[in-house]
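Data from protein21.csv: CSV, N, CA and C atoms
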chain,number,residue,atom,x,y,z
D,882,MET,N,81.2,99.3,-204.7
D,882,MET,CA,80.1,98.9,-203.9
D,882,MET,C,80.1,97.4,-203.5
D,883,ILE,N,80.5,96.6,-204.5
D,883,ILE,CA,80.6,95.1,-204.2
D,883,ILE,C,81.7,94.9,-203.2
D,884,ARG,N,82.8,95.6,-203.3
D,884,ARG,CA,83.9,95.4,-202.3
D,884,ARG,C,83.5,95.7,-200.9
D,885,SER,N,82.7,96.8,-200.8
D,885,SER,CA,82.2,97.3,-199.5
D,885,SER,C,81.3,96.2,-198.9
D,886,ALA,N,80.4,95.7,-199.7
D,886,ALA,CA,79.5,94.6,-199.3
D,886,ALA,C,80.3,93.4,-198.9
D,887,SER,N,81.3,93.0,-199.6
D,887,SER,CA,82.1,91.9,-199.3
D,887,SER,C,82.8,92.1,-197.9
D,888,ARG,N,83.4,93.3,-197.7
D,888,ARG,CA,84.1,93.6,-196.5
D,888,ARG,C,83.1,93.5,-195.3
D,889,LEU,N,81.9,94.1,-195.5
D,889,LEU,CA,80.9,94.1,-194.4
D,889,LEU,C,80.5,92.7,-194.1
D,890,ALA,N,80.3,91.8,-195.1
D,890,ALA,CA,80.0,90.4,-194.9
D,890,ALA,C,81.1,89.7,-194.1
D,891,PHE,N,82.3,90.0,-194.5
D,891,PHE,CA,83.5,89.4,-193.8
D,891,PHE,C,83.5,89.8,-192.3
D,892,VAL,N,83.3,91.1,-192.1
D,892,VAL,CA,83.3,91.6,-190.7
D,892,VAL,C,82.2,91.0,-189.9
D,893,LEU,N,81.0,90.9,-190.4
D,893,LEU,CA,79.9,90.3,-189.7
D,893,LEU,C,80.1,88.8,-189.4
D,894,VAL,N,80.7,88.0,-190.3
D,894,VAL,CA,81.0,86.6,-190.1
D,894,VAL,C,82.1,86.5,-189.0
D,895,LEU,N,83.1,87.4,-189.1
D,895,LEU,CA,84.2,87.4,-188.0
D,895,LEU,C,83.6,87.7,-186.7
D,896,ALA,N,82.7,88.7,-186.6
D,896,ALA,CA,82.1,89.1,-185.3
D,896,ALA,C,81.3,88.0,-184.7
D,897,SER,N,80.5,87.4,-185.6
D,897,SER,CA,79.6,86.3,-185.0
D,897,SER,C,80.4,85.1,-184.6
D,898,ALA,N,81.6,84.8,-185.2
D,898,ALA,CA,82.4,83.7,-184.8
D,898,ALA,C,83.1,84.0,-183.5
D,899,THR,N,83.5,85.2,-183.2
D,899,THR,CA,84.2,85.5,-182.0
D,899,THR,C,83.2,85.8,-180.8
D,900,ALA,N,82.0,86.2,-181.1
D,900,ALA,CA,81.0,86.5,-180.1
D,900,ALA,C,80.7,85.3,-179.2
D,901,GLY,N,80.8,84.1,-179.8
D,901,GLY,CA,80.5,82.9,-179.0
D,901,GLY,C,81.6,82.5,-178.1
D,902,ALA,N,82.8,83.0,-178.3
D,902,ALA,CA,84.0,82.6,-177.5
D,902,ALA,C,83.8,83.2,-176.1
D,903,GLN,N,83.9,82.3,-175.1
D,903,GLN,CA,83.8,82.7,-173.7
D,903,GLN,C,85.1,82.5,-173.0
D,904,GLN,N,85.6,83.5,-172.4
D,904,GLN,CA,86.9,83.5,-171.7
D,904,GLN,C,86.7,83.3,-170.2
D,905,ILE,N,87.2,82.3,-169.6
D,905,ILE,CA,87.2,82.1,-168.2
D,905,ILE,C,88.2,83.1,-167.6
D,906,PRO,N,87.8,83.8,-166.6
D,906,PRO,CA,88.7,84.8,-166.0
D,906,PRO,C,90.0,84.1,-165.5
D,907,ALA,N,91.1,84.8,-165.6
D,907,ALA,CA,92.4,84.3,-165.2
D,907,ALA,C,92.3,84.0,-163.7
D,908,GLY,N,92.9,82.9,-163.3
D,908,GLY,CA,93.1,82.6,-161.9
D,908,GLY,C,91.9,81.9,-161.3
D,909,VAL,N,90.8,81.6,-162.1
D,909,VAL,CA,89.6,80.9,-161.5
D,909,VAL,C,89.8,79.4,-161.4
D,910,ALA,N,90.6,78.8,-162.3
D,910,ALA,CA,90.8,77.3,-162.2
D,910,ALA,C,91.2,76.9,-160.8
D,911,GLY,N,90.6,75.8,-160.4
D,911,GLY,CA,90.9,75.2,-159.1
D,911,GLY,C,89.6,74.8,-158.3
D,912,LYS,N,89.8,74.5,-157.1
D,912,LYS,CA,88.6,74.1,-156.2
D,912,LYS,C,88.2,75.3,-155.4
D,913,TRP,N,86.8,75.5,-155.3
D,913,TRP,CA,86.2,76.6,-154.6
D,913,TRP,C,85.2,76.0,-153.6
D,914,GLU,N,85.3,76.4,-152.3
D,914,GLU,CA,84.4,76.0,-151.3
D,914,GLU,C,83.3,77.1,-151.2
D,915,GLY,N,82.1,76.7,-151.3
D,915,GLY,CA,81.0,77.8,-151.3
D,915,GLY,C,79.9,77.5,-150.4
D,916,LYS,N,79.1,78.5,-150.2
D,916,LYS,CA,77.8,78.3,-149.5
D,916,LYS,C,76.7,79.1,-150.1
D,917,ALA,N,75.5,78.5,-150.2
D,917,ALA,CA,74.4,79.2,-150.7
D,917,ALA,C,73.5,79.6,-149.6
D,918,MET,N,73.0,80.9,-149.7
D,918,MET,CA,72.2,81.5,-148.6
D,918,MET,C,70.9,82.0,-149.1
D,919,ILE,N,69.8,81.9,-148.3
D,919,ILE,CA,68.5,82.5,-148.7
D,919,ILE,C,67.9,83.2,-147.5
D,920,GLY,N,67.0,84.0,-147.7
D,920,GLY,CA,66.2,84.7,-146.7
D,920,GLY,C,66.8,86.0,-146.2
D,921,PRO,N,66.1,86.7,-145.4
D,921,PRO,CA,66.5,88.0,-144.9
D,921,PRO,C,67.8,88.0,-144.0
D,922,LYS,N,68.1,86.8,-143.4
D,922,LYS,CA,69.2,86.7,-142.6
D,922,LYS,C,70.3,85.9,-143.2
D,923,ASP,N,70.2,85.7,-144.5
D,923,ASP,CA,71.2,84.9,-145.3
D,923,ASP,C,71.5,83.5,-144.6
D,924,SER,N,70.4,82.8,-144.3
D,924,SER,CA,70.6,81.4,-143.8
D,924,SER,C,71.3,80.5,-144.8
D,925,VAL,N,72.3,79.8,-144.4
D,925,VAL,CA,73.0,78.9,-145.2
D,925,VAL,C,72.2,77.7,-145.5
D,926,VAL,N,71.9,77.4,-146.7
D,926,VAL,CA,71.0,76.2,-147.0
D,926,VAL,C,71.8,75.0,-147.5
D,927,THR,N,73.0,75.3,-148.0
D,927,THR,CA,73.9,74.2,-148.4
D,927,THR,C,75.3,74.7,-148.7
D,928,THR,N,76.2,73.8,-148.6
D,928,THR,CA,77.6,74.1,-149.0
D,928,THR,C,77.9,73.2,-150.3
D,929,SER,N,79.0,73.6,-150.9
D,929,SER,CA,79.4,72.9,-152.1
D,929,SER,C,80.9,73.1,-152.4
D,930,VAL,N,81.4,72.2,-153.2
D,930,VAL,CA,82.8,72.4,-153.7
D,930,VAL,C,82.7,72.4,-155.2
D,931,THR,N,83.1,73.5,-155.8
D,931,THR,CA,83.1,73.6,-157.3
D,931,THR,C,84.5,73.4,-157.8
D,932,THR,N,84.7,72.5,-158.8
D,932,THR,CA,86.0,72.4,-159.4
D,932,THR,C,85.9,73.1,-160.7
D,933,ALA,N,86.7,74.2,-160.9
D,933,ALA,CA,86.7,75.0,-162.1
D,933,ALA,C,87.9,74.7,-162.9
D,934,THR,N,87.8,74.7,-164.2
D,934,THR,CA,88.9,74.6,-165.1
D,934,THR,C,89.2,75.9,-165.8
D,935,ALA,N,90.3,76.0,-166.6
D,935,ALA,CA,90.6,77.2,-167.3
D,935,ALA,C,89.8,77.4,-168.6
D,936,THR,N,89.0,76.3,-168.9
D,936,THR,CA,88.1,76.4,-170.1
D,936,THR,C,86.7,76.2,-169.6
D,937,THR,N,85.8,76.2,-170.6
D,937,THR,CA,84.4,76.1,-170.3
D,937,THR,C,84.0,74.6,-170.1
D,938,LYS,N,84.9,73.7,-170.3
D,938,LYS,CA,84.7,72.3,-170.2
D,938,LYS,C,85.2,71.7,-168.8
D,939,GLY,N,84.6,70.7,-168.3
D,939,GLY,CA,85.1,70.0,-167.2
D,939,GLY,C,84.8,70.5,-165.8
D,940,TRP,N,83.9,71.4,-165.7
D,940,TRP,CA,83.5,72.0,-164.4
D,940,TRP,C,82.6,71.0,-163.7
D,941,THR,N,82.8,70.9,-162.3
D,941,THR,CA,81.9,70.0,-161.5
D,941,THR,C,81.5,70.7,-160.2
D,942,ILE,N,80.4,70.2,-159.7
D,942,ILE,CA,80.0,70.7,-158.4
D,942,ILE,C,79.7,69.4,-157.5
D,943,GLN,N,80.2,69.5,-156.2
D,943,GLN,CA,79.9,68.4,-155.3
D,943,GLN,C,79.2,69.0,-154.1
D,944,PHE,N,78.0,68.5,-153.8
D,944,PHE,CA,77.2,68.8,-152.6
D,944,PHE,C,77.5,67.7,-151.6
D,945,PRO,N,77.4,68.0,-150.3
D,945,PRO,CA,77.7,67.0,-149.2
D,945,PRO,C,76.8,65.8,-149.4
D,946,ASN,N,77.4,64.6,-149.3
D,946,ASN,CA,76.8,63.3,-149.4
D,946,ASN,C,75.9,63.1,-150.7
D,947,ARG,N,76.4,63.7,-151.8
D,947,ARG,CA,75.7,63.6,-153.1
D,947,ARG,C,76.7,63.2,-154.1
D,948,PRO,N,76.2,62.6,-155.2
D,948,PRO,CA,77.2,62.3,-156.3
D,948,PRO,C,77.7,63.6,-157.0
D,949,LEU,N,78.8,63.5,-157.6
D,949,LEU,CA,79.4,64.6,-158.3
D,949,LEU,C,78.6,65.0,-159.5
D,950,LEU,N,78.3,66.3,-159.7
D,950,LEU,CA,77.5,66.8,-160.8
D,950,LEU,C,78.3,67.5,-161.8
D,951,GLN,N,78.0,67.3,-163.0
D,951,GLN,CA,78.7,68.1,-164.1
D,951,GLN,C,78.0,69.4,-164.2
D,952,ALA,N,78.8,70.5,-164.4
D,952,ALA,CA,78.3,71.8,-164.5
D,952,ALA,C,78.5,72.3,-165.9
D,953,ARG,N,77.6,73.1,-166.5
D,953,ARG,CA,77.7,73.6,-167.8
D,953,ARG,C,78.0,75.1,-167.7
D,954,VAL,N,79.1,75.6,-168.3
D,954,VAL,CA,79.3,77.0,-168.3
D,954,VAL,C,78.4,77.7,-169.3
D,955,ILE,N,77.5,78.5,-168.8
D,955,ILE,CA,76.6,79.2,-169.7
D,955,ILE,C,77.1,80.5,-170.3
D,956,ALA,N,77.9,81.2,-169.4
D,956,ALA,CA,78.5,82.5,-169.9
D,956,ALA,C,79.7,82.7,-169.0
D,957,ALA,N,80.7,83.4,-169.7
D,957,ALA,CA,81.9,83.7,-168.9
D,957,ALA,C,82.5,85.0,-169.6
D,958,GLY,N,83.1,85.8,-168.8
D,958,GLY,CA,83.8,87.0,-169.3
D,958,GLY,C,84.0,88.0,-168.1
D,959,GLY,N,85.0,88.9,-168.3
D,959,GLY,CA,85.3,89.8,-167.3
D,959,GLY,C,85.7,89.1,-166.0
D,960,ASP,N,85.0,89.3,-164.9
D,960,ASP,CA,85.4,88.6,-163.7
D,960,ASP,C,84.3,87.6,-163.3
D,961,SER,N,83.4,87.2,-164.2
D,961,SER,CA,82.3,86.4,-163.9
D,961,SER,C,82.2,85.1,-164.7
D,962,VAL,N,81.5,84.1,-164.1
D,962,VAL,CA,81.2,82.9,-164.8
D,962,VAL,C,79.8,82.5,-164.3
D,963,THR,N,79.0,82.1,-165.2
D,963,THR,CA,77.6,81.5,-164.9
D,963,THR,C,77.6,80.1,-165.3
D,964,VAL,N,77.3,79.2,-164.3
D,964,VAL,CA,77.2,77.8,-164.5
D,964,VAL,C,75.8,77.3,-164.2
D,965,GLU,N,75.4,76.2,-164.9
D,965,GLU,CA,74.1,75.6,-164.7
D,965,GLU,C,74.3,74.1,-164.4
D,966,VAL,N,73.5,73.6,-163.4
D,966,VAL,CA,73.6,72.2,-163.0
D,966,VAL,C,72.2,71.6,-163.0
D,967,GLY,N,72.1,70.4,-163.5
D,967,GLY,CA,70.8,69.8,-163.3
D,967,GLY,C,70.1,69.4,-164.6
D,968,PRO,N,68.9,68.8,-164.5
D,968,PRO,CA,68.2,68.6,-163.2
D,968,PRO,C,68.8,67.5,-162.3
D,969,TYR,N,68.7,67.7,-161.0
D,969,TYR,CA,69.2,66.7,-160.0
D,969,TYR,C,68.2,66.8,-158.9
D,970,GLU,N,68.3,65.8,-158.0
D,970,GLU,CA,67.4,65.8,-156.8
D,970,GLU,C,67.7,66.9,-155.9
D,971,SER,N,66.7,67.7,-155.5
D,971,SER,CA,66.9,68.9,-154.7
D,971,SER,C,67.4,68.5,-153.3
D,972,LEU,N,68.2,69.3,-152.8
D,972,LEU,CA,68.7,69.1,-151.4
D,972,LEU,C,67.7,69.5,-150.4
D,973,LEU,N,66.8,70.5,-150.8
D,973,LEU,CA,65.8,71.0,-149.9
D,973,LEU,C,64.4,70.4,-150.0
D,974,ARG,N,64.1,69.9,-151.1
D,974,ARG,CA,62.8,69.4,-151.4
D,974,ARG,C,62.9,67.9,-151.8
D,975,LYS,N,62.9,67.0,-150.9
D,975,LYS,CA,63.1,65.6,-151.1
D,975,LYS,C,62.2,65.1,-152.3
D,976,GLY,N,62.8,64.4,-153.2
D,976,GLY,CA,62.1,63.8,-154.3
D,976,GLY,C,61.8,64.7,-155.5
D,977,GLN,N,62.1,66.0,-155.3
D,977,GLN,CA,61.9,66.9,-156.4
D,977,GLN,C,63.1,67.2,-157.2
D,978,GLN,N,63.0,67.4,-158.5
D,978,GLN,CA,64.1,67.7,-159.4
D,978,GLN,C,64.3,69.2,-159.5
D,979,VAL,N,65.5,69.7,-159.6
D,979,VAL,CA,65.8,71.1,-159.6
D,979,VAL,C,67.0,71.3,-160.6
D,980,THR,N,66.9,72.5,-161.2
D,980,THR,CA,68.1,72.9,-162.0
D,980,THR,C,68.5,74.3,-161.4
D,981,THR,N,69.8,74.4,-161.2
D,981,THR,CA,70.3,75.6,-160.6
D,981,THR,C,71.3,76.4,-161.5
D,982,ARG,N,71.2,77.7,-161.4
D,982,ARG,CA,72.1,78.5,-162.2
D,982,ARG,C,72.7,79.5,-161.2
D,983,THR,N,74.1,79.5,-161.3
D,983,THR,CA,74.8,80.4,-160.3
D,983,THR,C,75.8,81.3,-161.1
D,984,THR,N,75.7,82.6,-160.8
D,984,THR,CA,76.6,83.5,-161.4
D,984,THR,C,77.6,84.0,-160.3
D,985,SER,N,78.9,83.7,-160.5
D,985,SER,CA,79.9,84.1,-159.5
D,985,SER,C,80.8,85.1,-160.1
D,986,HIS,N,81.2,86.1,-159.3
D,986,HIS,CA,82.2,87.1,-159.6
D,986,HIS,C,83.4,86.8,-158.8
D,987,TYR,N,84.5,86.7,-159.4
D,987,TYR,CA,85.8,86.3,-158.8
D,987,TYR,C,86.7,87.5,-158.6
D,988,LYS,N,87.3,87.5,-157.4
D,988,LYS,CA,88.3,88.5,-157.1
D,988,LYS,C,89.3,87.9,-156.1
D,989,GLY,N,90.5,87.6,-156.6
D,989,GLY,CA,91.5,86.9,-155.8
D,989,GLY,C,91.0,85.5,-155.4
D,990,ASP,N,91.1,85.3,-154.2
D,990,ASP,CA,90.7,84.0,-153.6
D,990,ASP,C,89.2,83.9,-153.1
D,991,MET,N,88.4,84.9,-153.5
D,991,MET,CA,87.0,85.0,-153.1
D,991,MET,C,86.1,85.1,-154.3
D,992,SER,N,84.9,84.6,-154.1
D,992,SER,CA,83.9,84.8,-155.1
D,992,SER,C,82.5,85.2,-154.4
D,993,THR,N,81.7,85.9,-155.1
D,993,THR,CA,80.4,86.3,-154.6
D,993,THR,C,79.5,86.2,-155.8
D,994,GLY,N,78.2,86.1,-155.5
D,994,GLY,CA,77.2,86.0,-156.6
D,994,GLY,C,75.8,85.7,-156.1
D,995,THR,N,75.1,85.2,-157.1
D,995,THR,CA,73.7,84.9,-156.9
D,995,THR,C,73.4,83.5,-157.5
D,996,PHE,N,72.3,82.9,-157.0
D,996,PHE,CA,71.9,81.6,-157.7
D,996,PHE,C,70.4,81.7,-157.8
D,997,GLU,N,69.9,80.8,-158.7
D,997,GLU,CA,68.5,80.6,-158.9
D,997,GLU,C,68.2,79.2,-159.1
D,998,ALA,N,67.3,78.6,-158.3
D,998,ALA,CA,67.0,77.2,-158.4
D,998,ALA,C,65.6,77.1,-158.9
D,999,LYS,N,65.4,76.4,-160.0
D,999,LYS,CA,64.1,76.2,-160.6
D,999,LYS,C,63.7,74.8,-160.5
D,1000,TYR,N,62.5,74.5,-159.9
D,1000,TYR,CA,62.0,73.2,-159.7
D,1000,TYR,C,61.3,72.8,-161.0
D,1001,VAL,N,61.6,71.5,-161.4
D,1001,VAL,CA,61.1,71.1,-162.7
D,1001,VAL,C,59.6,71.0,-162.8
D,1002,VAL,N,59.0,70.3,-161.9
D,1002,VAL,CA,57.5,70.0,-162.0
D,1002,VAL,C,56.7,71.2,-161.7
D,1003,SER,N,57.0,71.8,-160.5
D,1003,SER,CA,56.1,73.0,-160.1
D,1003,SER,C,56.5,74.3,-160.8
D,1004,GLY,N,57.7,74.4,-161.2
D,1004,GLY,CA,58.1,75.7,-161.8
D,1004,GLY,C,58.5,76.7,-160.8
D,1005,ASP,N,58.4,76.3,-159.5
D,1005,ASP,CA,58.8,77.2,-158.4
D,1005,ASP,C,60.3,77.7,-158.6
D,1006,VAL,N,60.6,78.9,-158.2
D,1006,VAL,CA,61.9,79.5,-158.3
D,1006,VAL,C,62.4,80.0,-157.0
D,1007,VAL,N,63.5,79.6,-156.5
D,1007,VAL,CA,64.1,80.1,-155.3
D,1007,VAL,C,65.4,80.8,-155.7
D,1008,LYS,N,65.5,82.0,-155.2
D,1008,LYS,CA,66.7,82.8,-155.5
D,1008,LYS,C,67.5,83.1,-154.2
D,1009,GLY,N,68.8,83.2,-154.3
D,1009,GLY,CA,69.6,83.5,-153.1
D,1009,GLY,C,71.0,84.0,-153.5
D,1010,LYS,N,71.8,84.1,-152.5
D,1010,LYS,CA,73.2,84.6,-152.6
D,1010,LYS,C,74.2,83.4,-152.6
D,1011,PHE,N,75.3,83.7,-153.1
D,1011,PHE,CA,76.4,82.6,-153.0
D,1011,PHE,C,77.7,83.3,-152.7
D,1012,THR,N,78.5,82.7,-151.8
D,1012,THR,CA,79.8,83.1,-151.6
D,1012,THR,C,80.8,82.0,-151.6
D,1013,GLY,N,82.0,82.2,-152.0
D,1013,GLY,CA,83.0,81.1,-152.0
D,1013,GLY,C,84.4,81.6,-151.8
D,1014,LYS,N,85.2,80.7,-151.5
D,1014,LYS,CA,86.6,80.9,-151.3
D,1014,LYS,C,87.4,79.8,-151.9
D,1015,ARG,N,88.6,80.1,-152.3
D,1015,ARG,CA,89.5,79.1,-152.9
D,1015,ARG,C,89.8,78.1,-151.8
D,1016,ALA,N,89.7,76.8,-152.2
D,1016,ALA,CA,90.0,75.8,-151.2
D,1016,ALA,C,91.5,75.7,-151.0
D,1017,ALA,N,91.9,75.5,-149.8
D,1017,ALA,CA,93.3,75.3,-149.4
D,1017,ALA,C,93.9,74.1,-150.1
D,1018,ALA,N,95.1,74.3,-150.7
D,1018,ALA,CA,95.8,73.2,-151.3
D,1018,ALA,C,96.1,72.1,-150.3
D,1019,LYS,N,95.9,70.8,-150.8
D,1019,LYS,CA,96.2,69.7,-149.9
D,1019,LYS,C,97.4,68.9,-150.3
Please re-express this file's structure in structure tokens.
Amino acid sequence: MIRSASRLAFVLVLASATAGAQQIPAGVAGKWEGKAMIGPKDSVVTTSVTTATATTKGWTIQFPNRPLLQARVIAAGGDSVTVEVGPYESLLRKGQQVTTRTTSHYKGDMSTGTFEAKYVVSGDVVKGKFTGKRAAAK
């Protein structure tokens, strides 16, 4: 009985240690040009360039005419990666701080997904779609 309990404890420790490991999908590392869209006609509200690494560290997002932002990988696995950025000054609401979370699904040189922008003070949430393509090598 003690051996069984010891084995169970070992298995639970091993499972909890590996559960936190996040695997970036193969082939995702590189630069991705994307566009965020909202509304019934998928109006483009901004473009961006995401630099992805083969690990959960070192991801960045660059919006037009803005400083480079560090992105945090929140979850990764299968064909998907979820990143969070912010708070930073909103591109759409001048003077307001926003935090965005984007989940992208990668297939070859294309990505699709969704984003959620949450405004710090008001708590307003804006949701939309995201598409991207691998940037051409320069």
Among chain D, which residues carry a DSSP assignment of strand (DSSP E or B), reported as a VMD selection string?
chain D and resid 911 to 919 924 to 933 941 to 943 950 to 951 953 to 958 961 to 970 978 to 988 991 to 1000 1006 to 1015
Quick check, in Å to one decimal: how far apart do atom N of Gln977 in chain D and atom C of Asp923 in chain D lie?
22.6 Å
What's the 12 Å shell around Arg947 in chain D, counting only C-alpha atoms, without same-chain residues fewer than 2 positions away, as an mmCIF file with N, CA and C atoms, in the frame of the given file?
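Below you can see out-v2.cif, which holds the result:
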data_model
loop_
_atom_site.group_PDB
_atom_site.id
_atom_site.type_symbol
_atom_site.label_atom_id
_atom_site.label_comp_id
_atom_site.auth_asym_id
_atom_site.auth_seq_id
_atom_site.Cartn_x
_atom_site.Cartn_y
_atom_site.Cartn_z
ATOM 1 N N THR D 927 73.000 75.300 -148.000
ATOM 2 C CA THR D 927 73.900 74.200 -148.400
ATOM 3 C C THR D 927 75.300 74.700 -148.700
ATOM 4 N N THR D 928 76.200 73.800 -148.600
ATOM 5 C CA THR D 928 77.600 74.100 -149.000
ATOM 6 C C THR D 928 77.900 73.200 -150.300
ATOM 7 N N SER D 929 79.000 73.600 -150.900
ATOM 8 C CA SER D 929 79.400 72.900 -152.100
ATOM 9 C C SER D 929 80.900 73.100 -152.400
ATOM 10 N N VAL D 930 81.400 72.200 -153.200
ATOM 11 C CA VAL D 930 82.800 72.400 -153.700
ATOM 12 C C VAL D 930 82.700 72.400 -155.200
ATOM 13 N N ILE D 942 80.400 70.200 -159.700
ATOM 14 C CA ILE D 942 80.000 70.700 -158.400
ATOM 15 C C ILE D 942 79.700 69.400 -157.500
ATOM 16 N N GLN D 943 80.200 69.500 -156.200
ATOM 17 C CA GLN D 943 79.900 68.400 -155.300
ATOM 18 C C GLN D 943 79.200 69.000 -154.100
ATOM 19 N N PHE D 944 78.000 68.500 -153.800
ATOM 20 C CA PHE D 944 77.200 68.800 -152.600
ATOM 21 C C PHE D 944 77.500 67.700 -151.600
ATOM 22 N N PRO D 945 77.400 68.000 -150.300
ATOM 23 C CA PRO D 945 77.700 67.000 -149.200
ATOM 24 C C PRO D 945 76.800 65.800 -149.400
ATOM 25 N N LEU D 949 78.800 63.500 -157.600
ATOM 26 C CA LEU D 949 79.400 64.600 -158.300
ATOM 27 C C LEU D 949 78.600 65.000 -159.500
ATOM 28 N N LEU D 950 78.300 66.300 -159.700
ATOM 29 C CA LEU D 950 77.500 66.800 -160.800
ATOM 30 C C LEU D 950 78.300 67.500 -161.800
ATOM 31 N N TYR D 969 68.700 67.700 -161.000
ATOM 32 C CA TYR D 969 69.200 66.700 -160.000
ATOM 33 C C TYR D 969 68.200 66.800 -158.900
ATOM 34 N N GLU D 970 68.300 65.800 -158.000
ATOM 35 C CA GLU D 970 67.400 65.800 -156.800
ATOM 36 C C GLU D 970 67.700 66.900 -155.900
ATOM 37 N N SER D 971 66.700 67.700 -155.500
ATOM 38 C CA SER D 971 66.900 68.900 -154.700
ATOM 39 C C SER D 971 67.400 68.500 -153.300
ATOM 40 N N LEU D 972 68.200 69.300 -152.800
ATOM 41 C CA LEU D 972 68.700 69.100 -151.400
ATOM 42 C C LEU D 972 67.700 69.500 -150.400
#
Using all atoms listed in the file, the best pick from D:Met918, D:Ala933, D:Trp913, D:Val926 as closest to Leu973 in chain D would be D:Val926
Counting only N, CA and C atoms, note down every residue that has an atom within 8 Å of the point (63.3, 77.5, -159.1) (file coordinates), as a ChimeraX atom specification.
/D:979-981,997-1001,1003-1008
